[in-house]
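What follows is a set of notes on a single structure, which appears directly below.
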Amino acid sequence: MRSSAFFILSMLVLAAAPFIADNYVVRLCTFLCMYAALALSWNFIGGYAGYPSFATAGFFGLGAYAGALTQNLGLWLPLPWLFATVVVALFAAGLGFAILRMKGHYFAIGSISIVEILRLLASSWAQLTGGGDGLNVRILPGGPDYAGRVFLYSMMAVMIAAFITMLCVDRSRLGFGLRCIKQNEDAADMIGIDVTSYKTAAFTLSAMYCGTIGAIYASWVAYIDPSDAFSILLTLKVPVMTLLGGPGTVYGPILGAWVFVLLEEMIWAKFLEYNRAILGAVIVLLIFALPGGLLRMQWRRKWPSSVFGLPGLNRLKESR
Amino acid sequence: MQTTLQIAANGLMLGALYACIAVGFSLVWGVLNVINMLHGSFIVLGGYMAFFAWRDLGVHPLVSLAVIAGLLFLLGWGLQYGIINRVVMQPVLTTLTLTFGLDMIVYNFMTLAFTATPRRIVLDLGNIEFLGVVMPVDRIVAMVLALALTGLLFAVLRSSKLGRAIVAVRMDRDAAALMGIRVDRIYAITFGIGALMAGACGSLLAVVYPVTSSMTGLFLGKAFVVCVIGGLGSVPGALIGGLSLGFIESAAGHWLGPQDAMTIGFVLMILLLMTKPTGLLGKQGYE
């Protein structure tokens, strides 16, 4: 109960941000929602199914380009975002059939290469995407205050949608099946879980909202280029956020993304020259000091399991 | 005909360098089961060190190569022994994220120390023309050395005591430990050898191409592709994979343009991963 109260409270604070704070804070809040939605998406494939997917930036960038290109046709704003979502979901479903047969290292390499291939295609297909020059997106009319609100609430809506999807998956057969796949895929197959469609479903879910977020991001910043949209750093940051919060939990990705973005904004954005090194050091520390994420730290013994809002997983862990 | 020969010669040159880029990466992946995201930075680090030794100290790159290889071995050995060995048994997500984190640290300090200006060692040894094919001599030297280094690694793995121990760990870690092999030390040495090959290859690359720190991802991508084409954890596999990629890129670069040549490499890799994930020469055991 306590964590859902925290969740609702923080949503209210985020929603109130445009009325009580300046545009900088609104922008930061938009980033909080954006990264939380991306981390939640990654949790489907990486946290529940245990597949080390590094394709996030591929889906994000594909969504950004799909949304930007349709938006430049002059469509009413949510339509390009919906279009991007559908395109990316279909792309991921098709891709899933191809690359989900690989496991472990091969899957990791395969998913990173998807980002690379898409980036190379976006830079070489200059007639459509503008190539390395990037692509200008129509700016939303109505001034910065209005635009700030629109994008904050849009990102928030996607985050909440991703969160609700995650809750549904967590409590359904799909979530149970994915946890079985994470523990032992062959055994899951033996006891009658349709491994291929479960994995494809998780992969598609993990891509879909990334596409929406990418499209909203493109409209928000009004300019995208291949190295920004298909950034290899993004593809790593998102899993790191989820690992920071606690993979395979419903609140972990949100918590991890928020802690990460706030740390980035408050601490290492001040050290421009050492930005990458500090991020690297954070990753190294995270792996040694917090292997299960913030939500699985030792102090969980003091607090009841309701803090995690995840009775299903705790039961599974106990029975092992 | 002449064009075809020129393309083949360029492919051979590229292929030898690709094989050298990939062989250390493949060794680490095969023996430690770790995807070493640091590999690209090791290569660029080797290239930068060779350049600055040549420009500021006047050391010929063929001389500094040995020193650089030794230094990179120490760096790799230390990283593995001190840091990566602690999580080496964990799933790929952990080890890959960790090496990526380490890569960001190395990359950051490398860029700060050397700046991101492209650097190239200009030896100016002239050209050789044979059957209408023109090849600069420095490229031929780099190619021959890359092949020689790869062959040396093959010989070490095949016939030295250390090499046999590495192969044994690759085949069965637990059995190797029971036979008295200190697996953690073998891991550290193997990672060191991977870094050594990367550093040596980087100094050869600096003779042929301008090297800059933003190329780390490019080299890493090549290592991925070569490993997957040739098959994991074998020197002949890396050689076959490297030469195949060299010829494919050289041909595709001529007929389609250099940008598409890279895309073709990656697409080929995905197709191979789907159909034959063991690669062309993939098998158990590292030889």
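A note on labels: chains of the structure tokens are A, B, ... as shown, every chain counts residues from 1, and ligands are counted from 1 in their shown order.
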**Message:** Taking only segment 40-222 of chain B into account, list the residues labelled strand (DSSP E) by DSSP (computed from the backbone), as number ranges by chain.
**Reply:** B: 127-130, 133-136
**Request:** Apply DSSP to the structure's backbone, then extract all residues of segment 102-226 of chain A labelled alpha helix (DSSP H) and return them as a ChimeraX atom specification.
**Result:** /A:104-124,126-129,143-170,173-183,185-190,195-221,226
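Our summary of the geometry notes that atom CA of Asp138 of chain B is positioned 14.0 Å from atom CA of Cys201 of chain B.
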**Which residue of A:Tyr51, A:Pro226, A:Leu28, A:Gly63 approaches Leu120 of chain A most closely, using only C-alpha atoms** = A:Pro226
With only C-alpha atoms counted and 8 Å as the cut-off, give the residues of chain B in contact with chain A, each with its shortest interatomic distance in Å and the pair that gives it, as CSV.
```
residue,atom,partner,partner_atom,distance
B:Ile35,CA,A:His105,CA,7.2
B:Pro91,CA,A:Gly104,CA,7.6
B:Val92,CA,A:His105,CA,6.0
B:Leu93,CA,A:Pro52,CA,5.3
B:Thr94,CA,A:Ile287,CA,7.0
B:Thr97,CA,A:Ile283,CA,7.3
B:Leu98,CA,A:Val284,CA,5.7
B:Phe100,CA,A:Gly280,CA,7.4
B:Gly101,CA,A:Gly280,CA,3.9
B:Leu102,CA,A:Gly280,CA,5.8
B:Asp103,CA,A:Gly280,CA,7.3
B:Met104,CA,A:Gly280,CA,5.1
B:Ile105,CA,A:Ala277,CA,4.0
B:Val106,CA,A:Ala277,CA,7.4
B:Tyr107,CA,A:Ala277,CA,7.7
B:Asn108,CA,A:Ala277,CA,5.4
B:Phe109,CA,A:Ala277,CA,7.4
B:Leu112,CA,A:Glu273,CA,7.6
B:Gly221,CA,A:Ser113,CA,7.9
B:Phe224,CA,A:Ile109,CA,7.2
B:Gln259,CA,A:Ser124,CA,6.6
B:Asp260,CA,A:Ser124,CA,7.4
B:Met262,CA,A:Leu120,CA,7.9
B:Thr263,CA,A:Ile117,CA,5.9
B:Phe266,CA,A:Ile117,CA,6.5
B:Val267,CA,A:Ile117,CA,7.2
B:Ile270,CA,A:Gly110,CA,6.3
B:Leu273,CA,A:Tyr106,CA,7.3
B:Met274,CA,A:Ile99,CA,6.5
B:Pro277,CA,A:Tyr106,CA,7.7
```
**Request:** Name all residues at most 12 Å from Ala16 of chain A (count only C-alpha atoms; drop same-chain ones fewer than 3 positions away) and give them as a ChimeraX atom specification.
**Result:** /A:9-13,19-22,25-26,29,149,152-153,156
Could those selected residues go to a file with C-alpha atoms, as a PDB file, in the first residue's frame?
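Output contents, as saved in selection_28.pdb:
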```pdb
ATOM      1  CA  LEU A   9       1.623  11.255  -4.667  1.00  0.00           C
ATOM      2  CA  SER A  10       4.575  11.595  -7.026  1.00  0.00           C
ATOM      3  CA  MET A  11       2.233  11.549 -10.014  1.00  0.00           C
ATOM      4  CA  LEU A  12       0.291  14.435  -8.472  1.00  0.00           C
ATOM      5  CA  VAL A  13       3.494  16.376  -7.882  1.00  0.00           C
ATOM      6  CA  PHE A  19       1.579  25.420 -12.046  1.00  0.00           C
ATOM      7  CA  ILE A  20       4.119  25.730  -9.269  1.00  0.00           C
ATOM      8  CA  ALA A  21       7.529  25.700 -10.970  1.00  0.00           C
ATOM      9  CA  ASP A  22       9.385  27.242 -13.886  1.00  0.00           C
ATOM     10  CA  VAL A  25      11.588  22.050 -13.713  1.00  0.00           C
ATOM     11  CA  VAL A  26       8.844  21.186 -16.186  1.00  0.00           C
ATOM     12  CA  CYS A  29       9.832  16.411 -15.041  1.00  0.00           C
ATOM     13  CA  ARG A 149       2.582  21.265 -20.573  1.00  0.00           C
ATOM     14  CA  LEU A 152       4.868  16.756 -19.972  1.00  0.00           C
ATOM     15  CA  TYR A 153       1.331  15.393 -19.868  1.00  0.00           C
ATOM     16  CA  MET A 156       3.228  11.172 -18.285  1.00  0.00           C
TER      17      MET A 156
END
```
**Request:** Write out as a PyMOL selection string which residues come within 8 Å of His39 of chain B when counting only C-alpha atoms, dropping same-chain ones fewer than 4 positions away.
**Result:** chain B and resi 25+43+194-195+198+216+219-220
**Request:** Record the distance separating atom CA of Asn72 of chain A and atom CA of Ala126 of chain A, expressed in Å with one decimal.
**Result:** 15.8 Å
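Of the residues listed (B:Met269, B:Thr150, B:Gly233, B:Gly253), B:Thr150 shows the shortest atom-to-atom separation from Leu17 of chain B; distances use only C-alpha atoms.
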**Message:** Which residues are close to segment 178-182 of chain A, i.e. within 12 Å by only C-alpha atoms, leaving aside same-chain residues fewer than 5 positions away? Reply as a PyMOL selection string.
**Reply:** (chain A and resi 43-52+103-104+169-173+187-203+247-249+312-314+316-317+320) or (chain B and resi 91)
**Request:** Quote the spacing between atom CA of Pro236 of chain B and atom CA of Met179 of chain B in Å to one decimal place.
**Result:** 27.0 Å
**Prompt:** Excluding same-chain residues fewer than 2 positions from Thr85 of chain A, what lies within 7 Å of it counting only C-alpha atoms, as a list in words?
**Reply:**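 Within the cut-off, the hits are Gly63, Trp81, Leu82, Phe83, Val87, Val88, Ala89, Met208, Tyr209, Gly211 and Thr212 of chain A.
Shortest atom-to-atom contact with Leu218 of chain B among B:Tyr18, B:Ala53, B:Leu152, B:Ala9: B:Tyr18, counting only C-alpha atoms.
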**Message:** Set the distance at 8 Å and use only C-alpha atoms: which residues neighbour segment 59-69 of chain B once local chain neighbours fewer than 3 positions away are removed? I'd like the list as an MDAnalysis selection string.
**Reply:** chainID B and resid 46 49:51 53:55 72:73 195:197 199:200 203:204 207
